[in-house]
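upload37.txt, holding compact mmCIF, C-alpha atoms and all ligand atoms:
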```txt
# COMPACT_ATOMS: atom_id res chain seq x y z
CA MET A 1 36.93 -30.79 -12.33
CA ALA A 2 39.48 -29.76 -9.76
CA LYS A 3 38.08 -28.02 -6.71
CA THR A 4 38.39 -24.25 -6.91
CA LYS A 5 40.98 -22.99 -4.49
CA THR A 6 39.99 -20.30 -2.06
CA THR A 7 41.89 -18.17 0.35
CA TYR A 8 40.95 -15.96 3.31
CA THR A 9 42.04 -12.37 2.94
CA CYS A 10 42.14 -9.84 5.77
CA GLN A 11 40.03 -6.80 4.81
CA ASN A 12 42.22 -4.64 7.00
CA CYS A 13 45.80 -5.49 6.03
CA GLY A 14 45.45 -7.82 3.02
CA CYS A 15 47.22 -10.76 4.64
CA GLN A 16 46.12 -14.18 3.34
CA THR A 17 45.65 -17.47 5.12
CA PRO A 18 44.34 -20.81 3.84
CA ARG A 19 42.01 -21.20 6.83
CA TRP A 20 39.43 -18.96 8.46
CA MET A 21 40.42 -17.42 11.75
CA GLY A 22 38.55 -15.08 14.05
CA LYS A 23 41.54 -12.81 14.46
CA CYS A 24 44.03 -11.79 11.77
CA SER A 25 47.44 -13.16 12.73
CA ASP A 26 49.15 -10.23 11.02
CA CYS A 27 47.39 -7.06 12.12
CA GLY A 28 45.42 -8.50 15.05
CA GLU A 29 42.03 -7.18 13.87
CA TRP A 30 39.01 -9.33 14.70
CA ASN A 31 36.56 -10.72 12.15
CA THR A 32 38.25 -9.27 9.08
CA LEU A 33 39.02 -12.49 7.15
CA VAL A 34 36.84 -12.97 4.04
CA GLU A 35 36.90 -15.95 1.74
CA GLU A 36 37.91 -15.28 -1.88
CA ILE A 37 38.46 -17.44 -4.95
CA ILE A 38 42.06 -17.73 -6.15
CA ALA A 39 41.94 -16.99 -9.89
CA PRO A 40 43.83 -19.57 -11.95
CA PRO A 41 47.17 -17.95 -12.84
CA ASP A 42 47.70 -19.72 -16.19
CA ARG A 43 45.02 -17.82 -18.13
CA GLN A 44 47.47 -16.55 -20.77
CA GLN A 45 48.89 -19.97 -21.57
CA SER A 46 45.52 -21.71 -21.87
CA GLY A 47 44.58 -19.66 -24.96
CA PHE A 48 42.61 -17.00 -23.10
CA LYS A 49 40.63 -14.70 -25.43
CA PRO A 50 38.73 -11.74 -24.01
CA THR A 51 35.17 -11.05 -25.18
CA SER A 52 35.57 -7.26 -25.01
CA LYS A 53 36.83 -5.33 -28.02
CA PRO A 54 38.47 -1.87 -28.05
CA VAL A 55 36.68 0.54 -30.43
CA LYS A 56 36.96 4.18 -31.48
CA MET A 57 34.66 6.54 -29.65
CA ARG A 58 32.97 7.66 -32.88
CA GLN A 59 31.72 4.10 -33.43
CA ILE A 60 29.73 4.29 -30.24
CA SER A 61 26.08 5.19 -30.59
CA LEU A 62 24.56 6.89 -27.57
CA GLU A 63 20.97 6.80 -28.71
CA ASP A 64 19.83 3.43 -27.39
CA SER A 65 22.03 3.34 -24.35
CA GLN A 66 20.68 6.61 -23.00
CA LYS A 67 17.00 5.94 -23.50
CA ARG A 68 15.68 5.44 -20.03
CA ILE A 69 13.00 2.86 -19.40
CA HIS A 70 10.03 4.07 -17.39
CA SER A 71 9.34 1.80 -14.46
CA GLY A 72 5.63 2.61 -14.37
CA SER A 73 6.07 4.44 -11.07
CA LYS A 74 6.79 8.17 -11.16
CA GLU A 75 8.25 8.18 -7.66
CA PHE A 76 10.61 5.29 -8.44
CA ASP A 77 11.64 6.92 -11.75
CA ARG A 78 12.42 10.14 -9.91
CA VAL A 79 14.68 8.35 -7.41
CA LEU A 80 16.46 6.58 -10.28
CA GLY A 81 17.10 9.96 -11.89
CA GLY A 82 14.36 9.88 -14.54
CA GLY A 83 13.78 6.18 -15.22
CA ILE A 84 15.73 2.96 -15.40
CA PHE A 85 19.11 3.45 -17.05
CA PRO A 86 19.83 0.54 -19.45
CA ALA A 87 22.47 -1.95 -18.25
CA SER A 88 22.78 -0.27 -14.88
CA VAL A 89 23.13 -2.09 -11.58
CA VAL A 90 20.87 -0.83 -8.80
CA LEU A 91 21.07 -1.88 -5.17
CA LEU A 92 17.81 -1.63 -3.23
CA ALA A 93 18.55 -1.86 0.47
CA GLY A 94 16.41 -1.81 3.59
CA GLU A 95 15.23 -3.77 6.57
CA PRO A 96 13.50 -7.10 5.97
CA GLY A 97 9.78 -6.74 5.37
CA ILE A 98 9.86 -3.04 4.53
CA GLY A 99 8.57 -3.55 0.98
CA LYS A 100 11.63 -4.04 -1.25
CA SER A 101 10.28 -7.19 -2.90
CA THR A 102 6.82 -5.68 -3.26
CA LEU A 103 8.17 -2.58 -5.00
CA MET A 104 10.41 -4.60 -7.34
CA LEU A 105 7.63 -7.04 -8.18
CA GLN A 106 5.31 -4.11 -8.99
CA VAL A 107 7.96 -2.60 -11.26
CA MET A 108 8.62 -5.95 -12.95
CA LEU A 109 4.89 -6.49 -13.57
CA ASN A 110 4.67 -3.03 -15.14
CA LEU A 111 7.67 -3.80 -17.35
CA GLN A 112 6.48 -7.22 -18.49
CA ASN A 113 3.14 -5.67 -19.43
CA ARG A 114 5.12 -3.41 -21.76
CA LYS A 115 6.69 -6.51 -23.38
CA LEU A 116 10.14 -6.15 -21.84
CA LYS A 117 11.97 -9.38 -21.19
CA THR A 118 12.14 -9.75 -17.44
CA LEU A 119 13.55 -12.34 -15.05
CA TYR A 120 12.79 -12.42 -11.33
CA ILE A 121 15.31 -14.51 -9.40
CA SER A 122 13.61 -15.51 -6.18
CA GLY A 123 16.12 -16.78 -3.64
CA GLU A 124 13.88 -16.55 -0.61
CA GLU A 125 10.36 -17.31 -1.73
CA SER A 126 8.98 -20.21 -3.75
CA LEU A 127 7.40 -19.39 -7.10
CA GLN A 128 3.96 -20.09 -5.61
CA GLN A 129 4.59 -17.48 -2.94
CA LEU A 130 5.77 -15.06 -5.61
CA LYS A 131 2.64 -15.61 -7.67
CA ASN A 132 0.50 -15.15 -4.59
CA ARG A 133 2.22 -11.86 -3.94
CA ALA A 134 1.67 -10.79 -7.56
CA ASN A 135 -2.03 -11.68 -7.28
CA ARG A 136 -2.35 -9.49 -4.22
CA LEU A 137 -0.98 -6.59 -6.26
CA SER A 138 -4.01 -7.18 -8.52
CA LYS A 139 -1.98 -7.16 -11.69
CA SER A 140 -1.53 -9.90 -14.25
CA SER A 141 1.75 -11.76 -13.79
CA ASP A 142 1.26 -14.16 -16.70
CA GLU A 143 4.26 -13.06 -18.72
CA LEU A 144 6.71 -12.48 -15.88
CA MET A 145 9.57 -14.96 -16.08
CA ALA A 146 10.71 -16.15 -12.66
CA VAL A 147 13.07 -18.74 -11.28
CA ALA A 148 13.53 -19.96 -7.71
CA GLU A 149 17.28 -20.43 -7.51
CA THR A 150 20.13 -19.58 -5.17
CA ASP A 151 23.11 -21.19 -6.91
CA ILE A 152 24.98 -18.44 -8.76
CA GLN A 153 26.25 -20.87 -11.43
CA ALA A 154 22.69 -21.93 -12.25
CA ILE A 155 21.64 -18.27 -12.36
CA GLU A 156 24.48 -17.44 -14.75
CA TYR A 157 23.31 -20.28 -16.97
CA HIS A 158 19.70 -19.05 -16.99
CA LEU A 159 20.77 -15.48 -17.73
CA ALA A 160 22.82 -16.63 -20.72
CA GLN A 161 19.88 -18.70 -22.02
CA ILE A 162 17.02 -16.26 -21.47
CA LYS A 163 18.92 -13.03 -22.27
CA PRO A 164 16.58 -10.81 -20.25
CA GLN A 165 16.52 -7.00 -20.30
CA ILE A 166 15.64 -6.47 -16.64
CA VAL A 167 16.67 -8.79 -13.81
CA VAL A 168 15.82 -8.73 -10.11
CA ALA A 169 17.90 -10.75 -7.65
CA ASP A 170 15.87 -11.16 -4.45
CA SER A 171 17.92 -11.15 -2.31
CA ILE A 172 21.67 -10.99 -2.84
CA GLN A 173 22.17 -12.48 0.63
CA ALA A 174 20.26 -15.63 -0.33
CA LEU A 175 22.53 -16.44 -3.29
CA TYR A 176 25.66 -18.52 -2.94
CA SER A 177 28.63 -19.53 -4.98
CA PRO A 178 29.46 -23.28 -4.70
CA GLU A 179 33.17 -22.52 -5.05
CA LEU A 180 33.19 -20.77 -1.69
CA SER A 181 32.72 -22.78 1.46
CA GLY A 182 31.09 -20.01 3.52
CA ALA A 183 27.36 -19.90 4.19
CA PRO A 184 25.11 -17.70 1.99
CA GLY A 185 24.99 -14.17 3.34
CA ASN A 186 28.58 -13.91 4.54
CA VAL A 187 30.84 -11.20 3.15
CA GLY A 188 32.75 -13.47 0.77
CA GLN A 189 29.57 -14.99 -0.69
CA VAL A 190 27.68 -11.71 -1.06
CA ARG A 191 30.62 -10.01 -2.71
CA ASP A 192 31.39 -12.86 -5.11
CA CYS A 193 27.75 -13.34 -6.18
CA ALA A 194 27.22 -9.60 -6.66
CA ALA A 195 30.44 -9.23 -8.64
CA ARG A 196 29.50 -12.11 -10.95
CA LEU A 197 26.01 -10.73 -11.58
CA PHE A 198 27.47 -7.25 -12.09
CA ARG A 199 29.91 -8.57 -14.69
CA LEU A 200 27.11 -10.36 -16.56
CA ALA A 201 24.88 -7.28 -16.46
CA LYS A 202 27.57 -5.21 -18.16
CA GLU A 203 28.49 -7.97 -20.65
CA GLN A 204 24.96 -8.92 -21.65
CA GLN A 205 23.62 -5.38 -21.21
CA PHE A 206 20.73 -6.00 -18.86
CA THR A 207 19.60 -3.85 -15.96
CA LEU A 208 20.12 -5.56 -12.64
CA PHE A 209 18.27 -4.81 -9.40
CA LEU A 210 19.88 -6.33 -6.33
CA ILE A 211 17.77 -6.52 -3.20
CA GLY A 212 19.88 -6.34 -0.04
CA HIS A 213 18.71 -6.69 3.54
CA VAL A 214 19.96 -4.42 6.25
CA THR A 215 19.95 -6.26 9.55
CA LYS A 216 20.53 -4.67 12.90
CA ASP A 217 22.53 -7.51 14.43
CA GLY A 218 24.83 -7.78 11.42
CA ALA A 219 24.37 -11.57 11.14
CA VAL A 220 24.40 -11.27 7.35
CA ALA A 221 26.73 -9.09 5.34
CA GLY A 222 25.01 -5.79 4.74
CA PRO A 223 24.61 -3.81 1.51
CA LYS A 224 27.43 -1.46 2.57
CA ILE A 225 30.02 -3.83 1.09
CA LEU A 226 28.32 -3.55 -2.33
CA GLU A 227 27.83 0.22 -2.49
CA HIS A 228 31.11 0.91 -4.31
CA LEU A 229 30.37 -1.78 -6.91
CA VAL A 230 26.91 -0.76 -8.10
CA ASP A 231 25.77 2.28 -10.10
CA VAL A 232 22.81 3.31 -7.96
CA VAL A 233 22.16 2.71 -4.25
CA ILE A 234 18.61 3.19 -2.97
CA TYR A 235 17.73 2.91 0.70
CA PHE A 236 14.30 2.30 2.17
CA GLU A 237 13.92 4.49 5.18
CA GLY A 238 11.25 5.86 7.49
CA ASN A 239 9.38 2.71 8.28
CA THR A 240 6.28 4.31 9.73
CA GLN A 241 3.10 2.31 9.73
CA GLN A 242 1.89 3.31 6.31
CA HIS A 243 4.49 5.26 4.46
CA ARG A 244 7.72 4.19 2.86
CA ILE A 245 10.40 6.61 1.79
CA ILE A 246 13.08 5.58 -0.67
CA ARG A 247 16.20 7.65 -1.17
CA ALA A 248 19.04 7.38 -3.67
CA VAL A 249 22.25 7.74 -1.66
CA LYS A 250 24.39 7.19 -4.74
CA ASN A 251 23.50 7.61 -8.41
CA ARG A 252 25.94 7.57 -11.31
CA PHE A 253 23.21 8.68 -13.72
CA GLY A 254 21.40 11.34 -11.75
CA ALA A 255 21.27 13.39 -8.60
CA ALA A 256 21.74 11.60 -5.32
CA ASN A 257 19.46 12.29 -2.36
CA GLU A 258 16.33 12.17 -4.51
CA LEU A 259 13.29 11.05 -2.52
CA GLY A 260 10.35 8.88 -3.42
CA VAL A 261 7.35 8.43 -1.15
CA PHE A 262 4.92 5.53 -1.18
CA GLU A 263 1.97 4.45 0.85
CA MET A 264 1.65 0.76 1.77
CA ARG A 265 -1.85 -0.43 0.93
CA HIS A 266 -3.37 -3.89 0.76
CA ASN A 267 -2.65 -4.00 -2.97
CA GLY A 268 0.97 -2.85 -2.81
CA LEU A 269 2.93 0.39 -2.65
CA CYS A 270 1.01 3.37 -4.04
CA GLU A 271 2.53 6.68 -4.97
CA VAL A 272 1.85 9.67 -2.76
CA ASN A 273 1.00 12.60 -4.99
CA ASN A 274 1.12 15.48 -2.55
CA VAL A 275 4.05 14.51 -0.36
CA SER A 276 3.93 17.71 1.66
CA SER A 277 0.48 16.79 2.97
CA LEU A 278 2.11 13.90 4.87
CA PHE A 279 4.21 16.23 6.98
CA LEU A 280 1.59 18.89 7.62
CA ASN A 281 -1.23 18.99 10.13
CA PRO A 282 -4.14 21.10 8.96
CA HIS A 283 -4.61 23.88 11.53
CA HIS A 284 -7.50 26.20 10.88
CA GLN A 285 -5.97 28.90 13.05
CA PRO A 286 -2.30 29.73 13.62
CA MET A 287 -0.94 27.62 16.46
CA ALA A 288 1.77 28.57 18.92
CA GLY A 289 4.81 26.31 18.60
CA SER A 290 4.03 25.22 15.06
CA SER A 291 5.89 26.48 12.05
CA ILE A 292 6.02 25.39 8.40
CA VAL A 293 9.43 25.05 6.81
CA CYS A 294 10.25 24.51 3.16
CA SER A 295 12.93 21.84 2.94
CA TYR A 296 14.70 20.94 -0.26
CA GLU A 297 14.96 17.18 -0.84
CA GLY A 298 16.69 16.22 -4.07
CA SER A 299 14.98 18.23 -6.82
CA ARG A 300 11.75 18.65 -4.92
CA PRO A 301 10.74 21.22 -2.32
CA LEU A 302 8.85 19.74 0.61
CA LEU A 303 6.77 21.55 3.18
CA VAL A 304 7.42 20.22 6.66
CA GLU A 305 5.84 21.21 9.94
CA VAL A 306 8.16 21.83 12.87
CA GLN A 307 6.58 21.69 16.31
CA ALA A 308 8.15 23.04 19.46
CA LEU A 309 7.10 22.88 23.09
CA VAL A 310 8.59 24.68 26.08
CA GLY A 311 7.82 23.53 29.60
CA ARG A 312 9.04 24.23 33.12
CA SER A 313 11.87 21.89 34.06
CA SER A 314 11.82 19.93 37.29
CA TYR A 315 15.56 19.31 37.03
CA GLY A 316 18.38 21.67 37.93
CA THR A 317 19.60 21.83 34.33
CA PRO A 318 16.89 22.04 31.70
CA GLN A 319 16.94 19.49 28.92
CA ARG A 320 16.56 19.93 25.22
CA ILE A 321 15.06 16.96 23.47
CA VAL A 322 14.51 16.66 19.73
CA SER A 323 12.81 14.01 17.63
CA GLY A 324 13.34 13.55 13.91
CA PHE A 325 16.18 16.07 13.75
CA ASP A 326 19.93 15.86 14.37
CA HIS A 327 20.51 16.71 18.03
CA ARG A 328 23.96 18.18 17.48
CA ARG A 329 22.66 20.38 14.69
CA LEU A 330 19.93 21.65 17.02
CA SER A 331 22.52 22.52 19.67
CA LEU A 332 24.55 24.35 17.04
CA ILE A 333 21.59 26.39 15.80
CA LEU A 334 20.55 27.23 19.38
CA ALA A 335 24.11 28.29 20.23
CA ILE A 336 24.13 30.62 17.21
CA LEU A 337 20.74 32.06 18.20
CA GLU A 338 21.89 32.66 21.79
CA LYS A 339 25.17 34.23 20.79
CA HIS A 340 24.05 36.44 17.92
CA CYS A 341 20.35 36.99 18.51
CA ASN A 342 20.43 37.10 22.32
ZN ZN B 401 45.07 -8.24 8.97
```
Could you quickly redo this structure as structure tokens?
Amino acid sequence: MAKTKTTYTCQNCGCQTPRWMGKCSDCGEWNTLVEEIIAPPDRQQSGFKPTSKPVKMRQISLEDSQKRIHSGSKEFDRVLGGGIFPASVVLLAGEPGIGKSTLMLQVMLNLQNRKLKTLYISGEESLQQLKNRANRLSKSSDELMAVAETDIQAIEYHLAQIKPQIVVADSIQALYSPELSGAPGNVGQVRDCAARLFRLAKEQQFTLFLIGHVTKDGAVAGPKILEHLVDVVIYFEGNTQQHRIIRAVKNRFGAANELGVFEMRHNGLCEVNNVSSLFLNPHHQPMAGSSIVCSYEGSRPLLVEVQALVGRSSYGTPQRIVSGFDHRRLSLILAILEKHCN
């Protein structure tokens, strides 16, 4: 087989070079060249037949395709917009170690218990480690199908053989395409692997969960480059000691900005039933400087306690410091209060 040809394309101006360079020779931007596969141009002549078929809209049945699958977690279902949408592609992004794999493994164990055909692609952990993790969640993992693989061609082969209904790729940055010379995790690799899995998900009609790491130093390509491709983007945020908040920042099948709250326990992520209780301190008497606000997050009202403290300043100009709230928005609100409410 002839070696697949690749080219480096500048993400800023679109200029192409055969070799990687740190700086684009055309527009002068740094670090914008990304490796891409050159598609063979002679598809038409080589008897190319597409697998898709145009149909009339009345031939399309909506019943099965709109039945959402319950993940077994109410909070996760809420963030997804009422359950897992069949044949959708969901990106689950967050910092390493925040609980993305734990949450997905919990969901997969719930689904396999309900006799759905599942496949967990583990690119970072061995299958023994995965089983250990499942045991810690104190749920049976007997029927969960898993494969430790990072080669995208091998994964495509397994997906065609097994024909699963729900697939988790953990993580997208660990997968690589042998046609590209770049290391796993770089922009070209992440984009190519995600695009190939996305295409298969839509062709074979399985739901795909991509786990993507957000790293502070940017050593690996972040989930940002995949956001436009996928149907749903969920971010893990608020890494406090115990609680994990997930938020849908994009959702083609439901409202964005929907929140889900979990508590990290020794046996996995547990749902928090009364979310407001997390943000409230029980005062038996009214306290000066404390006020309860009702904030609307997604479709759910949340009660949040706001605390304020005023002290004498030892500096010439007093400072205003805020934590957990946008500083510029605070300045704006204070300016309005000063101007219109004296
Ligand atoms: Zn350029």
Which chain A residues have any atom within 12 Å of an atom of ligand ZN 401 (chain B), and for each, what is the nearest pair of atoms with distance in Å to one decimal, counting only C-alpha atoms and all ligand atoms, rows sorted by chain and number, as a Markdown table?
```
| residue | atom | partner | partner_atom | distance |
| --- | --- | --- | --- | --- |
| A:Tyr8 | CA | B:ZN401 | ZN | 10.4 |
| A:Thr9 | CA | B:ZN401 | ZN | 7.9 |
| A:Cys10 | CA | B:ZN401 | ZN | 4.6 |
| A:Gln11 | CA | B:ZN401 | ZN | 6.7 |
| A:Asn12 | CA | B:ZN401 | ZN | 5.0 |
| A:Cys13 | CA | B:ZN401 | ZN | 4.1 |
| A:Gly14 | CA | B:ZN401 | ZN | 6.0 |
| A:Cys15 | CA | B:ZN401 | ZN | 5.5 |
| A:Gln16 | CA | B:ZN401 | ZN | 8.3 |
| A:Thr17 | CA | B:ZN401 | ZN | 10.0 |
| A:Met21 | CA | B:ZN401 | ZN | 10.7 |
| A:Gly22 | CA | B:ZN401 | ZN | 10.7 |
| A:Lys23 | CA | B:ZN401 | ZN | 8.0 |
| A:Cys24 | CA | B:ZN401 | ZN | 4.6 |
| A:Ser25 | CA | B:ZN401 | ZN | 6.6 |
| A:Asp26 | CA | B:ZN401 | ZN | 5.0 |
| A:Cys27 | CA | B:ZN401 | ZN | 4.1 |
| A:Gly28 | CA | B:ZN401 | ZN | 6.1 |
| A:Glu29 | CA | B:ZN401 | ZN | 5.9 |
| A:Trp30 | CA | B:ZN401 | ZN | 8.4 |
| A:Asn31 | CA | B:ZN401 | ZN | 9.4 |
| A:Thr32 | CA | B:ZN401 | ZN | 6.9 |
| A:Leu33 | CA | B:ZN401 | ZN | 7.6 |
| A:Val34 | CA | B:ZN401 | ZN | 10.7 |
```
Spatial neighbours of Phe262 in chain A, max dist 9 Å, only C-alpha atoms, sep filter under 6 positions, as a VMD selection string: chain A and resid 75 242 to 246 269 to 273
CA of Val232 in chain A to CA of Asn135 in chain A, distance in Å rounded to a single decimal: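 One can read the CA of Val232 in chain A to CA of Asn135 in chain A distance as 29.0 Å.
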Atom-to-atom span, CA of Asp231 in chain A and CA of Ile38 in chain A, Å: 26.1 Å
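Of the residues under consideration (A:Ala154, A:Gln204, A:Leu130, A:Val304), A:Gln204 shows the shortest atom-to-atom contact distance to Ser88 in chain A when counting all atoms listed in the file.
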Ala183 in chain A surroundings by only C-alpha atoms, 10 Å radius, close-in-sequence under 6 positions cut, as a VMD selection string: chain A and resid 173 to 177 189 to 190 220
Residue contacts of range 52-62 of chain A (12 Å, only C-alpha atoms) excluding same-chain residues fewer than 5 positions away, as a list of chain:residue names: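 Non-adjacent residues within range: A:Lys67, A:Arg68, A:Pro86, A:Arg199, A:Lys202, A:Glu203, A:Gln204.
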Spatial neighbours of Gln112 in chain A, max dist 7 Å, all atoms listed in the file, sep filter under 4 positions, as a count of residues only: 6
Spatial neighbours of range 136-138 of chain A, 9 Å, all atoms listed in the file, chain gap at least 4 places, as a PyMOL selection string: chain A and resi 102+105-106+131-132+266-269
Interatomic distance, CA of Ile234 in chain A to CA of Leu210 in chain A (Å, one decimal):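 These atoms are spaced 10.2 Å apart.
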From the coordinates supplied, range 235-253 of chain A should be written with N, CA, C and O atoms, as a PDB file, in the first residue's frame.
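Output saved as decode35.pdb:
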```pdb
ATOM      1  N   TYR A 235     -18.793  20.451  29.843  1.00  0.00           N
ATOM      2  CA  TYR A 235     -17.566  20.757  30.566  1.00  0.00           C
ATOM      3  C   TYR A 235     -17.704  20.407  32.041  1.00  0.00           C
ATOM      4  O   TYR A 235     -18.743  20.655  32.645  1.00  0.00           O
ATOM      5  N   PHE A 236     -16.653  19.816  32.584  1.00  0.00           N
ATOM      6  CA  PHE A 236     -16.545  19.632  34.028  1.00  0.00           C
ATOM      7  C   PHE A 236     -15.985  20.909  34.592  1.00  0.00           C
ATOM      8  O   PHE A 236     -14.945  21.374  34.136  1.00  0.00           O
ATOM      9  N   GLU A 237     -16.637  21.475  35.558  1.00  0.00           N
ATOM     10  CA  GLU A 237     -16.088  22.681  36.159  1.00  0.00           C
ATOM     11  C   GLU A 237     -16.217  22.608  37.671  1.00  0.00           C
ATOM     12  O   GLU A 237     -16.797  21.666  38.210  1.00  0.00           O
ATOM     13  N   GLY A 238     -15.680  23.632  38.340  1.00  0.00           N
ATOM     14  CA  GLY A 238     -15.812  23.701  39.794  1.00  0.00           C
ATOM     15  C   GLY A 238     -15.193  22.531  40.504  1.00  0.00           C
ATOM     16  O   GLY A 238     -15.872  21.784  41.192  1.00  0.00           O
ATOM     17  N   ASN A 239     -13.909  22.349  40.329  1.00  0.00           N
ATOM     18  CA  ASN A 239     -13.242  21.240  40.974  1.00  0.00           C
ATOM     19  C   ASN A 239     -12.955  21.581  42.438  1.00  0.00           C
ATOM     20  O   ASN A 239     -11.841  21.864  42.820  1.00  0.00           O
ATOM     21  N   THR A 240     -14.007  21.559  43.258  1.00  0.00           N
ATOM     22  CA  THR A 240     -13.782  21.693  44.686  1.00  0.00           C
ATOM     23  C   THR A 240     -13.434  20.309  45.192  1.00  0.00           C
ATOM     24  O   THR A 240     -13.376  19.365  44.420  1.00  0.00           O
ATOM     25  N   GLN A 241     -13.212  20.189  46.478  1.00  0.00           N
ATOM     26  CA  GLN A 241     -12.737  18.900  46.975  1.00  0.00           C
ATOM     27  C   GLN A 241     -13.710  17.771  46.702  1.00  0.00           C
ATOM     28  O   GLN A 241     -13.319  16.704  46.284  1.00  0.00           O
ATOM     29  N   GLN A 242     -14.991  18.039  46.923  1.00  0.00           N
ATOM     30  CA  GLN A 242     -15.950  16.953  46.858  1.00  0.00           C
ATOM     31  C   GLN A 242     -16.884  17.025  45.678  1.00  0.00           C
ATOM     32  O   GLN A 242     -17.298  15.994  45.167  1.00  0.00           O
ATOM     33  N   HIS A 243     -17.219  18.222  45.264  1.00  0.00           N
ATOM     34  CA  HIS A 243     -18.300  18.338  44.298  1.00  0.00           C
ATOM     35  C   HIS A 243     -17.802  18.571  42.889  1.00  0.00           C
ATOM     36  O   HIS A 243     -16.770  19.198  42.670  1.00  0.00           O
ATOM     37  N   ARG A 244     -18.550  18.018  41.939  1.00  0.00           N
ATOM     38  CA  ARG A 244     -18.229  18.195  40.535  1.00  0.00           C
ATOM     39  C   ARG A 244     -19.461  18.757  39.851  1.00  0.00           C
ATOM     40  O   ARG A 244     -20.560  18.219  40.007  1.00  0.00           O
ATOM     41  N   ILE A 245     -19.259  19.802  39.091  1.00  0.00           N
ATOM     42  CA  ILE A 245     -20.375  20.391  38.353  1.00  0.00           C
ATOM     43  C   ILE A 245     -20.129  20.156  36.869  1.00  0.00           C
ATOM     44  O   ILE A 245     -19.024  20.403  36.365  1.00  0.00           O
ATOM     45  N   ILE A 246     -21.119  19.623  36.174  1.00  0.00           N
ATOM     46  CA  ILE A 246     -20.985  19.507  34.723  1.00  0.00           C
ATOM     47  C   ILE A 246     -21.990  20.443  34.074  1.00  0.00           C
ATOM     48  O   ILE A 246     -23.099  20.635  34.578  1.00  0.00           O
ATOM     49  N   ARG A 247     -21.572  21.046  32.967  1.00  0.00           N
ATOM     50  CA  ARG A 247     -22.425  22.020  32.302  1.00  0.00           C
ATOM     51  C   ARG A 247     -22.371  21.796  30.801  1.00  0.00           C
ATOM     52  O   ARG A 247     -21.292  21.598  30.236  1.00  0.00           O
ATOM     53  N   ALA A 248     -23.544  21.803  30.172  1.00  0.00           N
ATOM     54  CA  ALA A 248     -23.601  21.687  28.710  1.00  0.00           C
ATOM     55  C   ALA A 248     -23.403  23.080  28.128  1.00  0.00           C
ATOM     56  O   ALA A 248     -24.226  23.964  28.345  1.00  0.00           O
ATOM     57  N   VAL A 249     -22.307  23.302  27.432  1.00  0.00           N
ATOM     58  CA  VAL A 249     -22.089  24.620  26.827  1.00  0.00           C
ATOM     59  C   VAL A 249     -22.649  24.660  25.412  1.00  0.00           C
ATOM     60  O   VAL A 249     -22.829  25.719  24.840  1.00  0.00           O
ATOM     61  N   LYS A 250     -22.908  23.486  24.846  1.00  0.00           N
ATOM     62  CA  LYS A 250     -23.541  23.423  23.536  1.00  0.00           C
ATOM     63  C   LYS A 250     -24.409  22.174  23.530  1.00  0.00           C
ATOM     64  O   LYS A 250     -24.013  21.139  24.053  1.00  0.00           O
ATOM     65  N   ASN A 251     -25.614  22.271  22.977  1.00  0.00           N
ATOM     66  CA  ASN A 251     -26.473  21.100  22.890  1.00  0.00           C
ATOM     67  C   ASN A 251     -27.431  21.253  21.716  1.00  0.00           C
ATOM     68  O   ASN A 251     -28.303  22.111  21.740  1.00  0.00           O
ATOM     69  N   ARG A 252     -27.251  20.419  20.707  1.00  0.00           N
ATOM     70  CA  ARG A 252     -28.129  20.485  19.541  1.00  0.00           C
ATOM     71  C   ARG A 252     -29.513  19.924  19.842  1.00  0.00           C
ATOM     72  O   ARG A 252     -30.445  20.141  19.079  1.00  0.00           O
ATOM     73  N   PHE A 253     -29.638  19.167  20.923  1.00  0.00           N
ATOM     74  CA  PHE A 253     -30.918  18.497  21.203  1.00  0.00           C
ATOM     75  C   PHE A 253     -31.571  18.997  22.478  1.00  0.00           C
ATOM     76  O   PHE A 253     -32.500  18.378  22.983  1.00  0.00           O
TER      77      PHE A 253
END
```
